$ cat input_17.cif   # mmCIF, C-alpha atoms
data_input
#
loop_
_atom_site.label_atom_id
_atom_site.label_comp_id
_atom_site.auth_asym_id
_atom_site.auth_seq_id
_atom_site.Cartn_x
_atom_site.Cartn_y
_atom_site.Cartn_z
CA MET A 1 -41.20 -16.33 -4.89
CA PHE A 2 -44.44 -17.94 -3.81
CA GLY A 3 -43.54 -18.65 -0.21
CA SER A 4 -44.63 -15.19 0.90
CA ARG A 5 -47.73 -13.13 0.55
CA VAL A 6 -45.61 -10.11 -0.20
CA PHE A 7 -45.78 -9.24 -3.85
CA SER A 8 -42.40 -8.05 -4.99
CA ARG A 9 -41.46 -7.26 -8.50
CA ILE A 10 -39.82 -10.01 -10.47
CA SER A 11 -36.52 -8.89 -11.94
CA ARG A 12 -35.95 -8.52 -15.63
CA ASP A 13 -33.05 -10.94 -15.27
CA ARG A 14 -35.51 -13.54 -13.97
CA LEU A 15 -37.74 -12.93 -16.98
CA ASN A 16 -34.81 -13.42 -19.34
CA HIS A 17 -33.98 -16.65 -17.53
CA CYS A 18 -37.56 -17.84 -17.94
CA ARG A 19 -37.48 -17.05 -21.63
CA ARG A 20 -34.42 -19.25 -22.03
CA LEU A 21 -36.24 -22.23 -20.55
CA VAL A 22 -37.13 -24.79 -23.16
CA SER A 23 -40.75 -24.64 -24.26
CA CYS A 24 -42.45 -27.43 -26.14
CA LEU A 25 -45.18 -25.15 -27.39
CA PRO A 26 -45.09 -23.22 -30.65
CA ASP A 27 -45.32 -19.47 -30.58
CA GLN A 28 -48.28 -17.91 -32.25
CA GLN A 29 -47.97 -15.11 -34.69
CA LEU A 30 -49.73 -11.92 -33.80
CA ILE A 31 -51.15 -9.70 -36.48
CA LEU A 32 -52.54 -6.48 -35.16
CA SER A 33 -54.27 -3.77 -37.07
CA ASN A 34 -53.15 -0.20 -36.62
CA ASP A 35 -56.40 1.10 -37.98
CA PHE A 36 -58.45 2.94 -35.54
CA GLN A 37 -62.19 2.49 -35.48
CA SER A 38 -64.57 5.30 -34.68
CA LEU A 39 -66.57 5.10 -31.48
CA ARG A 40 -70.31 4.73 -32.11
CA ASP A 41 -73.07 6.23 -30.07
CA SER A 42 -75.12 3.16 -29.31
CA THR A 43 -74.44 -0.25 -27.87
CA ASN A 44 -76.18 -3.29 -29.29
CA LYS A 45 -76.95 -6.32 -27.21
CA VAL A 46 -76.65 -9.79 -28.78
CA LEU A 47 -77.37 -12.67 -26.42
CA GLY A 48 -76.15 -10.65 -23.47
CA CYS A 49 -72.95 -9.44 -25.11
CA ARG A 50 -73.09 -5.71 -25.67
CA GLU A 51 -71.29 -4.45 -28.69
CA ALA A 52 -68.62 -1.81 -28.36
CA TYR A 53 -65.85 -0.62 -30.59
CA SER A 54 -62.18 -0.63 -29.72
CA TRP A 55 -59.59 1.83 -30.84
CA GLY A 56 -56.46 0.50 -32.48
CA SER A 57 -53.04 0.73 -31.00
CA ARG A 58 -52.15 3.87 -32.97
CA ALA A 59 -54.42 5.98 -30.77
CA PHE A 60 -52.48 5.01 -27.69
CA ARG A 61 -48.86 5.21 -28.78
CA GLY A 62 -46.74 6.98 -26.26
CA VAL A 63 -48.96 6.06 -23.31
CA ARG A 64 -46.55 4.75 -20.69
CA TYR A 65 -46.89 3.38 -17.22
CA GLN A 66 -44.97 3.36 -13.98
CA ILE A 67 -44.77 0.39 -11.63
CA HIS A 68 -44.07 1.11 -7.99
CA HIS A 69 -40.41 0.26 -7.50
CA GLU A 70 -40.92 0.39 -3.77
CA ARG A 71 -42.89 -2.86 -3.84
CA SER A 72 -39.97 -4.90 -2.57
CA SER A 73 -39.89 -2.89 0.66
CA MET A 74 -43.63 -2.68 1.17
CA VAL A 75 -46.14 -5.24 2.30
CA GLU A 76 -49.04 -5.04 -0.11
CA GLU A 77 -52.58 -5.47 1.11
CA GLN A 78 -53.96 -8.98 1.06
CA LEU A 79 -55.81 -9.53 -2.19
CA ASP A 80 -58.53 -12.00 -3.02
CA PRO A 81 -58.55 -12.08 -6.83
CA PHE A 82 -62.09 -13.40 -6.94
CA SER A 83 -63.45 -10.67 -4.67
CA LEU A 84 -62.00 -7.95 -6.90
CA VAL A 85 -64.36 -8.97 -9.70
CA ALA A 86 -67.15 -10.51 -7.60
CA ASP A 87 -69.81 -8.03 -8.73
CA GLU A 88 -68.96 -8.55 -12.38
CA LEU A 89 -68.89 -12.32 -11.93
CA SER A 90 -72.40 -12.21 -10.49
CA ILE A 91 -73.65 -10.17 -13.46
CA LEU A 92 -71.82 -12.47 -15.84
CA ALA A 93 -73.36 -15.57 -14.24
CA ASN A 94 -76.86 -14.14 -14.61
CA ARG A 95 -76.19 -13.18 -18.21
CA LEU A 96 -74.87 -16.67 -19.00
CA ARG A 97 -78.02 -18.22 -17.60
CA SER A 98 -80.09 -15.98 -19.88
CA MET A 99 -77.89 -16.77 -22.89
CA VAL A 100 -78.37 -20.55 -22.71
CA ILE A 101 -82.17 -20.50 -22.76
CA ALA A 102 -83.36 -22.83 -25.52
CA GLU A 103 -86.69 -23.24 -27.28
CA VAL A 104 -86.93 -26.92 -26.35
CA PRO A 105 -87.31 -27.30 -22.55
CA LYS A 106 -85.22 -30.46 -22.32
CA LEU A 107 -82.34 -28.85 -24.20
CA ALA A 108 -82.65 -25.71 -22.08
CA SER A 109 -82.47 -27.79 -18.92
CA ALA A 110 -79.39 -29.60 -20.21
CA ALA A 111 -77.63 -26.45 -21.44
CA GLU A 112 -78.03 -24.63 -18.15
CA TYR A 113 -77.03 -27.66 -16.06
CA PHE A 114 -73.64 -26.25 -15.03
CA PHE A 115 -74.73 -22.62 -15.01
CA LYS A 116 -77.29 -23.06 -12.24
CA MET A 117 -76.73 -21.40 -8.88
CA GLY A 118 -74.43 -23.48 -6.72
CA VAL A 119 -72.82 -25.55 -9.49
CA GLU A 120 -71.17 -22.83 -11.59
CA GLY A 121 -67.74 -24.00 -10.50
CA LYS A 122 -64.90 -21.71 -9.45
CA ARG A 123 -65.40 -19.40 -12.47
CA PHE A 124 -61.63 -19.34 -12.67
CA ARG A 125 -61.40 -18.39 -16.34
CA PRO A 126 -63.80 -15.43 -16.21
CA THR A 127 -61.92 -14.17 -13.14
CA VAL A 128 -58.60 -14.30 -14.99
CA LEU A 129 -60.03 -12.50 -18.01
CA LEU A 130 -61.72 -9.73 -16.04
CA LEU A 131 -58.52 -9.15 -14.06
CA MET A 132 -56.48 -9.15 -17.28
CA ALA A 133 -58.84 -6.54 -18.74
CA SER A 134 -58.20 -4.32 -15.71
CA ALA A 135 -54.47 -5.03 -15.76
CA LEU A 136 -54.28 -3.80 -19.35
CA ASN A 137 -56.42 -0.73 -18.77
CA MET A 138 -54.93 2.34 -20.41
CA SER A 139 -55.51 6.01 -20.03
CA MET A 140 -57.43 7.90 -22.66
CA PRO A 141 -55.68 10.80 -24.40
CA GLU A 142 -55.97 13.93 -22.26
CA SER A 143 -57.65 15.73 -25.14
CA ALA A 144 -60.56 13.28 -25.19
CA PRO A 145 -63.80 14.67 -23.69
CA ASP A 146 -64.98 13.00 -20.48
CA SER A 147 -68.16 11.77 -22.14
CA VAL A 148 -66.19 10.06 -24.91
CA SER A 149 -63.77 8.56 -22.40
CA ASP A 150 -66.57 7.18 -20.22
CA THR A 151 -68.42 5.74 -23.20
CA PHE A 152 -65.28 4.12 -24.56
CA THR A 153 -64.38 2.61 -21.18
CA LYS A 154 -67.85 1.15 -20.62
CA GLU A 155 -68.18 -0.27 -24.12
CA LEU A 156 -64.67 -1.76 -24.07
CA ARG A 157 -65.40 -3.40 -20.72
CA ALA A 158 -68.64 -4.82 -22.12
CA ARG A 159 -66.74 -6.38 -25.02
CA GLN A 160 -64.15 -7.85 -22.69
CA GLN A 161 -66.90 -9.23 -20.47
CA CYS A 162 -68.28 -10.85 -23.59
CA ILE A 163 -64.97 -12.67 -24.07
CA ALA A 164 -65.30 -14.01 -20.51
CA GLU A 165 -68.83 -15.24 -21.28
CA ILE A 166 -67.77 -16.88 -24.54
CA THR A 167 -64.80 -18.53 -22.85
CA GLU A 168 -66.97 -19.99 -20.09
CA MET A 169 -69.47 -21.38 -22.62
CA ILE A 170 -66.68 -23.01 -24.63
CA HIS A 171 -65.20 -24.42 -21.41
CA VAL A 172 -68.48 -25.91 -20.19
CA ALA A 173 -69.22 -27.33 -23.66
CA SER A 174 -65.83 -29.08 -23.57
CA LEU A 175 -66.62 -30.53 -20.14
CA LEU A 176 -69.93 -31.93 -21.38
CA HIS A 177 -68.24 -33.57 -24.36
CA ASP A 178 -65.30 -34.85 -22.28
CA ASP A 179 -67.64 -36.50 -19.80
CA VAL A 180 -69.31 -38.39 -22.63
CA LEU A 181 -65.96 -39.53 -24.04
CA ASP A 182 -64.72 -40.54 -20.57
CA ASP A 183 -68.04 -42.10 -19.51
CA ALA A 184 -67.82 -39.96 -16.36
CA ASP A 185 -70.58 -40.12 -13.77
CA THR A 186 -69.69 -37.08 -11.63
CA ARG A 187 -68.68 -33.49 -12.29
CA ARG A 188 -68.40 -30.60 -9.81
CA GLY A 189 -69.62 -32.85 -7.03
CA ILE A 190 -72.90 -33.80 -8.73
CA GLY A 191 -73.94 -36.30 -11.36
CA SER A 192 -72.47 -35.50 -14.77
CA LEU A 193 -74.97 -34.44 -17.42
CA ASN A 194 -74.42 -37.59 -19.48
CA PHE A 195 -75.06 -39.69 -16.36
CA VAL A 196 -78.25 -37.78 -15.50
CA MET A 197 -79.73 -37.13 -18.97
CA GLY A 198 -77.84 -39.48 -21.26
CA ASN A 199 -75.03 -39.15 -23.78
CA LYS A 200 -77.12 -37.87 -26.67
CA LEU A 201 -78.55 -34.92 -24.79
CA ALA A 202 -75.15 -34.14 -23.25
CA VAL A 203 -73.54 -33.96 -26.70
CA LEU A 204 -76.36 -31.78 -28.05
CA ALA A 205 -76.15 -29.48 -25.01
CA GLY A 206 -72.42 -29.04 -25.63
CA ASP A 207 -73.07 -28.28 -29.31
CA PHE A 208 -75.76 -25.80 -28.32
CA LEU A 209 -73.37 -23.95 -25.99
CA LEU A 210 -70.76 -23.77 -28.76
CA SER A 211 -73.36 -22.33 -31.15
CA ARG A 212 -74.32 -19.67 -28.61
CA ALA A 213 -70.66 -18.86 -28.10
CA CYS A 214 -70.27 -18.46 -31.87
CA VAL A 215 -73.18 -16.04 -32.11
CA ALA A 216 -71.81 -13.97 -29.24
CA LEU A 217 -68.35 -14.03 -30.81
CA ALA A 218 -69.72 -12.81 -34.13
CA SER A 219 -71.35 -9.87 -32.36
CA LEU A 220 -67.89 -8.48 -31.51
CA LYS A 221 -67.19 -7.92 -35.22
CA ASN A 222 -63.46 -8.45 -34.77
CA THR A 223 -62.02 -11.01 -37.19
CA GLU A 224 -58.77 -11.48 -35.24
CA VAL A 225 -60.66 -12.34 -32.07
CA VAL A 226 -63.03 -14.62 -33.98
CA THR A 227 -60.06 -16.44 -35.49
CA LEU A 228 -58.39 -16.83 -32.09
CA LEU A 229 -61.37 -18.40 -30.38
CA ALA A 230 -62.35 -20.51 -33.38
CA THR A 231 -58.80 -21.90 -33.25
CA VAL A 232 -59.35 -22.72 -29.57
CA VAL A 233 -62.26 -25.00 -30.48
CA GLU A 234 -60.06 -26.67 -33.08
CA HIS A 235 -57.38 -27.14 -30.41
CA LEU A 236 -59.86 -28.75 -28.03
CA VAL A 237 -60.78 -31.32 -30.66
CA THR A 238 -57.14 -31.85 -31.65
CA GLY A 239 -56.04 -32.36 -28.05
CA GLU A 240 -58.78 -34.86 -27.33
CA THR A 241 -57.94 -36.76 -30.51
CA MET A 242 -54.25 -36.80 -29.57
CA GLN A 243 -55.20 -38.33 -26.24
CA MET A 244 -57.39 -40.99 -27.83
CA THR A 245 -55.10 -42.04 -30.67
CA SER A 246 -51.58 -41.80 -29.27
CA SER A 247 -48.99 -44.42 -30.11
CA SER A 248 -46.86 -46.19 -27.50
CA GLU A 249 -44.01 -43.79 -28.19
CA GLN A 250 -46.24 -40.72 -27.92
CA ARG A 251 -47.86 -41.90 -24.68
CA SER A 252 -44.43 -41.90 -23.03
CA SER A 253 -43.30 -38.55 -24.46
CA MET A 254 -43.32 -35.47 -22.22
CA GLU A 255 -43.22 -33.23 -25.30
CA TYR A 256 -46.32 -34.92 -26.70
CA TYR A 257 -48.03 -34.67 -23.32
CA LEU A 258 -47.32 -30.92 -23.02
CA GLN A 259 -48.55 -30.23 -26.55
CA LYS A 260 -51.74 -32.16 -25.86
CA THR A 261 -52.16 -30.32 -22.55
CA TYR A 262 -51.77 -26.98 -24.28
CA TYR A 263 -54.48 -27.88 -26.77
CA LYS A 264 -56.90 -29.32 -24.19
CA THR A 265 -56.41 -26.80 -21.38
CA ALA A 266 -54.06 -23.87 -21.93
CA SER A 267 -55.14 -22.76 -25.41
CA LEU A 268 -58.52 -21.51 -24.20
CA ILE A 269 -57.24 -19.28 -21.42
CA SER A 270 -54.15 -18.08 -23.32
CA ASN A 271 -55.99 -17.08 -26.48
CA SER A 272 -58.83 -15.53 -24.47
CA CYS A 273 -56.29 -13.38 -22.58
CA LYS A 274 -54.85 -12.37 -25.94
CA ALA A 275 -58.35 -11.54 -27.22
CA VAL A 276 -58.89 -9.23 -24.24
CA ALA A 277 -55.65 -7.43 -25.13
CA LEU A 278 -56.58 -7.15 -28.81
CA LEU A 279 -59.98 -5.64 -28.01
CA ALA A 280 -58.20 -3.03 -25.88
CA GLY A 281 -56.06 -2.06 -28.88
CA GLN A 282 -52.86 -3.19 -27.19
CA THR A 283 -49.60 -3.63 -29.08
CA ALA A 284 -48.36 -6.95 -30.39
CA GLU A 285 -45.81 -7.11 -27.56
CA VAL A 286 -48.44 -6.64 -24.85
CA SER A 287 -50.77 -9.13 -26.55
CA VAL A 288 -47.95 -11.70 -26.49
CA LEU A 289 -47.44 -11.09 -22.76
CA ALA A 290 -51.17 -11.59 -22.10
CA TYR A 291 -51.04 -14.79 -24.14
CA ASP A 292 -47.91 -16.01 -22.32
CA TYR A 293 -49.56 -15.43 -18.96
CA GLY A 294 -52.60 -17.47 -19.94
CA ARG A 295 -50.57 -20.24 -21.56
CA ASN A 296 -48.29 -20.76 -18.58
CA LEU A 297 -51.08 -20.40 -16.05
CA GLY A 298 -53.11 -22.98 -17.97
CA LEU A 299 -50.21 -25.43 -18.09
CA ALA A 300 -49.51 -24.97 -14.39
CA TYR A 301 -53.19 -25.52 -13.63
CA GLN A 302 -53.32 -28.80 -15.54
CA LEU A 303 -50.06 -30.07 -14.06
CA ILE A 304 -51.48 -29.58 -10.57
CA ASP A 305 -54.68 -31.28 -11.74
CA ASP A 306 -52.53 -34.26 -12.72
CA VAL A 307 -50.99 -34.31 -9.24
CA LEU A 308 -54.35 -34.04 -7.51
CA ASP A 309 -55.70 -36.96 -9.52
CA PHE A 310 -53.21 -39.07 -7.54
CA THR A 311 -53.21 -37.24 -4.20
CA GLY A 312 -56.73 -35.82 -3.87
CA THR A 313 -59.98 -37.44 -2.84
CA SER A 314 -63.14 -37.78 -4.87
CA ALA A 315 -64.94 -35.47 -2.43
CA SER A 316 -62.37 -32.69 -2.76
CA LEU A 317 -62.05 -32.97 -6.53
CA GLY A 318 -65.76 -33.21 -7.33
CA LYS A 319 -64.95 -36.22 -9.53
CA GLY A 320 -63.34 -39.60 -9.09
CA SER A 321 -59.68 -39.69 -8.05
CA LEU A 322 -57.26 -41.81 -10.11
CA SER A 323 -59.64 -41.26 -13.00
CA ASP A 324 -56.88 -40.59 -15.55
CA ILE A 325 -54.84 -43.71 -14.97
CA ARG A 326 -57.96 -45.87 -14.79
CA HIS A 327 -58.91 -44.54 -18.22
CA GLY A 328 -55.43 -45.33 -19.52
CA ILE A 329 -54.40 -41.67 -19.65
CA VAL A 330 -50.72 -41.10 -18.92
CA THR A 331 -49.93 -37.77 -17.24
CA ALA A 332 -46.83 -35.94 -16.02
CA PRO A 333 -46.30 -37.77 -12.69
CA ILE A 334 -46.18 -41.15 -14.46
CA LEU A 335 -43.97 -39.77 -17.24
CA PHE A 336 -41.45 -38.51 -14.67
CA ALA A 337 -41.64 -41.84 -12.84
CA ILE A 338 -40.79 -43.67 -16.09
CA GLU A 339 -37.54 -41.68 -16.26
CA GLU A 340 -36.53 -43.16 -12.90
CA PHE A 341 -38.00 -46.61 -13.46
CA PRO A 342 -37.84 -47.48 -17.19
CA GLN A 343 -39.55 -50.80 -16.48
CA LEU A 344 -42.73 -48.80 -15.82
CA ARG A 345 -42.86 -48.16 -19.58
CA ALA A 346 -43.99 -51.75 -20.20
CA VAL A 347 -46.83 -51.29 -17.70
CA VAL A 348 -47.91 -48.08 -19.43
CA ASP A 349 -47.86 -49.79 -22.81
CA ARG A 350 -50.34 -52.39 -21.56
CA GLY A 351 -52.89 -49.60 -21.03
CA PHE A 352 -53.96 -50.16 -17.39
CA ASP A 353 -56.87 -52.41 -18.32
CA ASP A 354 -55.73 -54.78 -15.58
CA PRO A 355 -56.26 -53.31 -12.06
CA THR A 356 -53.02 -54.93 -10.94
CA ASP A 357 -51.17 -52.81 -13.49
CA VAL A 358 -52.73 -49.72 -11.94
CA ASP A 359 -51.47 -50.81 -8.53
CA LEU A 360 -48.03 -51.54 -9.96
CA ALA A 361 -47.83 -48.12 -11.60
CA LEU A 362 -48.87 -46.45 -8.35
CA ASP A 363 -46.15 -48.37 -6.54
CA TYR A 364 -43.50 -47.13 -8.96
CA LEU A 365 -44.91 -43.60 -8.71
CA GLY A 366 -44.75 -43.71 -4.92
CA ARG A 367 -41.08 -44.66 -5.02
CA SER A 368 -40.25 -41.99 -7.60
CA ARG A 369 -40.09 -38.19 -7.55
CA GLY A 370 -42.87 -38.04 -10.13
CA ILE A 371 -45.27 -36.03 -7.97
CA GLN A 372 -42.53 -33.68 -6.76
CA ARG A 373 -41.13 -33.08 -10.25
CA THR A 374 -44.61 -32.37 -11.62
CA ARG A 375 -45.12 -29.76 -8.90
CA GLU A 376 -41.73 -28.27 -9.76
CA LEU A 377 -42.66 -28.05 -13.44
CA ALA A 378 -45.97 -26.41 -12.50
CA THR A 379 -44.06 -23.89 -10.39
CA GLU A 380 -41.78 -23.08 -13.34
CA HIS A 381 -44.79 -22.31 -15.50
CA ALA A 382 -46.39 -20.27 -12.70
CA GLU A 383 -43.19 -18.21 -12.46
CA ARG A 384 -43.23 -17.61 -16.20
CA ALA A 385 -46.84 -16.42 -15.95
CA ALA A 386 -45.92 -14.01 -13.14
CA ALA A 387 -42.93 -12.78 -15.17
CA ALA A 388 -45.24 -11.95 -18.08
CA ILE A 389 -47.33 -9.73 -15.80
CA ASP A 390 -44.20 -8.03 -14.47
CA SER A 391 -43.19 -7.20 -18.06
CA LEU A 392 -46.38 -5.32 -18.90
CA PRO A 393 -46.02 -1.59 -19.61
CA GLU A 394 -45.51 0.38 -16.41
CA SER A 395 -48.46 2.05 -14.73
CA ASP A 396 -49.10 4.19 -11.68
CA ASP A 397 -52.85 3.48 -11.73
CA GLU A 398 -53.72 1.76 -8.44
CA ASP A 399 -56.54 -0.32 -9.95
CA VAL A 400 -54.22 -1.54 -12.69
CA LEU A 401 -51.52 -2.45 -10.15
CA LYS A 402 -54.04 -4.17 -7.91
CA SER A 403 -55.29 -6.30 -10.81
CA ARG A 404 -51.74 -7.22 -11.75
CA ARG A 405 -50.97 -8.25 -8.18
CA ALA A 406 -54.14 -10.35 -8.23
CA LEU A 407 -53.02 -12.08 -11.44
CA VAL A 408 -49.68 -12.90 -9.82
CA ASP A 409 -51.53 -14.13 -6.72
CA LEU A 410 -53.54 -16.49 -8.93
CA THR A 411 -50.32 -18.16 -10.07
CA HIS A 412 -49.60 -18.94 -6.41
CA ARG A 413 -53.12 -20.19 -5.78
CA VAL A 414 -52.95 -22.49 -8.80
CA ILE A 415 -49.88 -24.35 -7.59
CA THR A 416 -50.94 -24.56 -3.94
CA ARG A 417 -54.57 -25.59 -4.43
CA THR A 418 -55.86 -28.88 -3.07
CA LYS A 419 -58.98 -29.20 -5.22
#
$ encode --input "input_17.cif" --output "structure tokens"
Amino acid sequence: MFGSRVFSRISRDRLNHCRRLVSCLPDQQLILSNDFQSLRDSTNKVLGCREAYSWGSRAFRGVRYQIHHERSSMVEEQLDPFSLVADELSILANRLRSMVIAEVPKLASAAEYFFKMGVEGKRFRPTVLLLMASALNMSMPESAPDSVSDTFTKELRARQQCIAEITEMIHVASLLHDDVLDDADTRRGIGSLNFVMGNKLAVLAGDFLLSRACVALASLKNTEVVTLLATVVEHLVTGETMQMTSSSEQRSSMEYYLQKTYYKTASLISNSCKAVALLAGQTAEVSVLAYDYGRNLGLAYQLIDDVLDFTGTSASLGKGSLSDIRHGIVTAPILFAIEEFPQLRAVVDRGFDDPTDVDLALDYLGRSRGIQRTRELATEHAERAAAAIDSLPESDDEDVLKSRRALVDLTHRVITRTK
């Protein structure tokens, strides 16, 4: 499916097949309100996040979509997902820089460290969320006045942009804390904050970003969304603790690894996608599809990260290669290699404190299909993510279709990236 740049519709049979694949991750219950909130005349601004008010799903029942069935016989235009939302990403980056200003200069300098021009990273998560917002765009009732429709659209988009900002702050905060825990000295091709300013300031900067994210989240006045993203922070802590305190049995368990990976990586993007759907007043079914896309994309992303830790270079990754195994962290390639070479289990249990054990593990990995099988698992998750997009309600809106094609394209980019 990913060998071509032609975007053809994934069959429903393929989706059903994907759903039958075994998943190690628990489903999350969705509780949506059918109440429909009145649209207010003004928009408040709290730390760069403008407040708007979404209508519940009841207002949009019966709104259906049509997907172009001719896709399979047409070559779609080349899409760059990042360029589709480039203008919004630029605005979002500027707003983030204004949101992390602190009263104490040293803290301000630390908090904005990874939001400065040139070191913002790929802004992958905000791109996904802005595209998801467009992919879920729905038509207003025909009876709605143009002025009401325009106001609703702008205010909804502002709220969804706020989710992208919150998500990026939570993500960067987690990076700052991870670098302290891992004693990392580089991040995004430059010195990590803990290396440049010390562990204490790095921890405080991460806490500060989380507090700003909380204030912005509260401004949305949506308890379901607040609960979702608060749970994400809990998952980040849980995943890191699972990594630090695993037993010998757990360290060699693929199920344990995938659960930990969901908590550390996929929970943020999956629940943020779901939050975007909830703010749009989408149904429980559509919210689940948005969540499934984010979950599987996040898992695919991390699986490829695990591969690149073995195959990439420090220059291309922006951080040290082989960093996981040197920190005693067991990832998917090694777990698959253990299945072929059970004797590798004893090496893993010793914890890689001895450099010769690292070399021995790499030798076993090189003789195994560990790298290949990890890429295959990443591809499975990428296909599930694409299938979730294909299952969204049909639409004949070209902007909606373009955003959906871009989301599918991202699944391809994730599994073919080299950095």
$ closest_residue --input "input_17.cif" --among "A:Glu112, A:Asp292, A:Asp349, A:Asp309" --to "Glu249 of chain A" --atoms "all atoms listed in the file"
A:Asp349
$ closest_residue --input "input_17.cif" --among "A:Ser272, A:Ser134, A:Ser252, A:Thr238" --to "Glu339 of chain A" --atoms "all atoms listed in the file"
A:Ser252
$ atom_distance --input "input_17.cif" --atom1 "atom CA of Thr241 of chain A" --atom2 "atom CA of Glu376 of chain A"
27.7 Å
$ closest_residue --input "input_17.cif" --among "A:Ala385, A:Ile415, A:Phe82, A:Arg251" --to "Arg350 of chain A" --atoms "all atoms listed in the file"
A:Arg251
$ residues_around --input "input_17.cif" --residues "segment 377-382 of chain A" --least-positions-apart "3" --cutoff "8 Å" --atoms "all atoms listed in the file" --output "JSON, numbers by chain"
{"A": [296, 297, 299, 300, 301, 303, 304, 373, 374, 385, 386, 411, 412, 414, 415]}
$ write_last_selection --input "input_17.cif" --atoms "C-alpha atoms" --output "CSV table (one decimal), keeping the file's coordinate frame"
chain,number,residue,atom,x,y,z
A,296,ASN,CA,-48.3,-20.8,-18.6
A,297,LEU,CA,-51.1,-20.4,-16.0
A,299,LEU,CA,-50.2,-25.4,-18.1
A,300,ALA,CA,-49.5,-25.0,-14.4
A,301,TYR,CA,-53.2,-25.5,-13.6
A,303,LEU,CA,-50.1,-30.1,-14.1
A,304,ILE,CA,-51.5,-29.6,-10.6
A,373,ARG,CA,-41.1,-33.1,-10.2
A,374,THR,CA,-44.6,-32.4,-11.6
A,385,ALA,CA,-46.8,-16.4,-16.0
A,386,ALA,CA,-45.9,-14.0,-13.1
A,411,THR,CA,-50.3,-18.2,-10.1
A,412,HIS,CA,-49.6,-18.9,-6.4
A,414,VAL,CA,-53.0,-22.5,-8.8
A,415,ILE,CA,-49.9,-24.4,-7.6
$ atom_distance --input "input_17.cif" --atom1 "atom CA of Tyr257 of chain A" --atom2 "atom CA of Val237 of chain A"
15.1 Å
$ atom_distance --input "input_17.cif" --atom1 "atom CA of Met138 of chain A" --atom2 "atom CA of Leu407 of chain A"
17.1 Å
$ residues_around --input "input_17.cif" --residues "Val180 of chain A" --least-positions-apart "3" --cutoff "7 Å" --atoms "all atoms listed in the file" --output "number ranges by chain"
A: 176-177, 183-184, 194, 199
$ closest_residue --input "input_17.cif" --among "A:Ser192, A:Ser253, A:Ser391, A:Ser109" --to "Arg404 of chain A" --atoms "all atoms listed in the file"
A:Ser391
$ residues_around --input "input_17.cif" --residues "Thr331 of chain A" --least-positions-apart "6" --cutoff "12 Å" --atoms "all atoms listed in the file" --output "PyMOL selection string"
chain A and resi 243+250-258+260-261+302-310+322-325+337-338+348+361+365+370-371+374
$ residues_around --input "input_17.cif" --residues "Ser83 of chain A" --least-positions-apart "5" --cutoff "12 Å" --atoms "only C-alpha atoms" --output "ChimeraX atom specification"
/A:78,88-90,123-124,127-128,130-131,402-403,406
$ resolve_selection --input "input_17.cif" --expression "the PyMOL selection byres ((chain A and resi 290) around 9)" --output "mmCIF file with C-alpha atoms, in the frame of the given file"
data_model
loop_
_atom_site.group_PDB
_atom_site.id
_atom_site.type_symbol
_atom_site.label_atom_id
_atom_site.label_comp_id
_atom_site.auth_asym_id
_atom_site.auth_seq_id
_atom_site.Cartn_x
_atom_site.Cartn_y
_atom_site.Cartn_z
ATOM 1 C CA MET A 132 -56.480 -9.150 -17.280
ATOM 2 C CA LEU A 136 -54.280 -3.800 -19.350
ATOM 3 C CA SER A 270 -54.150 -18.080 -23.320
ATOM 4 C CA ASN A 271 -55.990 -17.080 -26.480
ATOM 5 C CA SER A 272 -58.830 -15.530 -24.470
ATOM 6 C CA CYS A 273 -56.290 -13.380 -22.580
ATOM 7 C CA LYS A 274 -54.850 -12.370 -25.940
ATOM 8 C CA ALA A 275 -58.350 -11.540 -27.220
ATOM 9 C CA VAL A 276 -58.890 -9.230 -24.240
ATOM 10 C CA ALA A 277 -55.650 -7.430 -25.130
ATOM 11 C CA GLU A 285 -45.810 -7.110 -27.560
ATOM 12 C CA VAL A 286 -48.440 -6.640 -24.850
ATOM 13 C CA SER A 287 -50.770 -9.130 -26.550
ATOM 14 C CA VAL A 288 -47.950 -11.700 -26.490
ATOM 15 C CA LEU A 289 -47.440 -11.090 -22.760
ATOM 16 C CA TYR A 291 -51.040 -14.790 -24.140
ATOM 17 C CA ASP A 292 -47.910 -16.010 -22.320
ATOM 18 C CA TYR A 293 -49.560 -15.430 -18.960
ATOM 19 C CA GLY A 294 -52.600 -17.470 -19.940
ATOM 20 C CA ARG A 295 -50.570 -20.240 -21.560
ATOM 21 C CA ALA A 385 -46.840 -16.420 -15.950
ATOM 22 C CA ALA A 388 -45.240 -11.950 -18.080
ATOM 23 C CA ILE A 389 -47.330 -9.730 -15.800
ATOM 24 C CA LEU A 392 -46.380 -5.320 -18.900
#
$ residues_around --input "input_17.cif" --residues "Tyr364 of chain A" --least-positions-apart "3" --cutoff "8 Å" --atoms "only C-alpha atoms" --output "PDB file with C-alpha atoms, in the coordinates of the input"
ATOM      1  CA  ALA A 337     -41.640 -41.840 -12.840  1.00  0.00           C
ATOM      2  CA  PHE A 341     -38.000 -46.610 -13.460  1.00  0.00           C
ATOM      3  CA  LEU A 344     -42.730 -48.800 -15.820  1.00  0.00           C
ATOM      4  CA  LEU A 360     -48.030 -51.540  -9.960  1.00  0.00           C
ATOM      5  CA  ALA A 361     -47.830 -48.120 -11.600  1.00  0.00           C
ATOM      6  CA  ARG A 367     -41.080 -44.660  -5.020  1.00  0.00           C
ATOM      7  CA  SER A 368     -40.250 -41.990  -7.600  1.00  0.00           C
TER       8      SER A 368
END
$ closest_residue --input "input_17.cif" --among "A:Glu383, A:Thr153, A:Phe114, A:Arg345" --to "Asp409 of chain A" --atoms "only C-alpha atoms"
A:Glu383
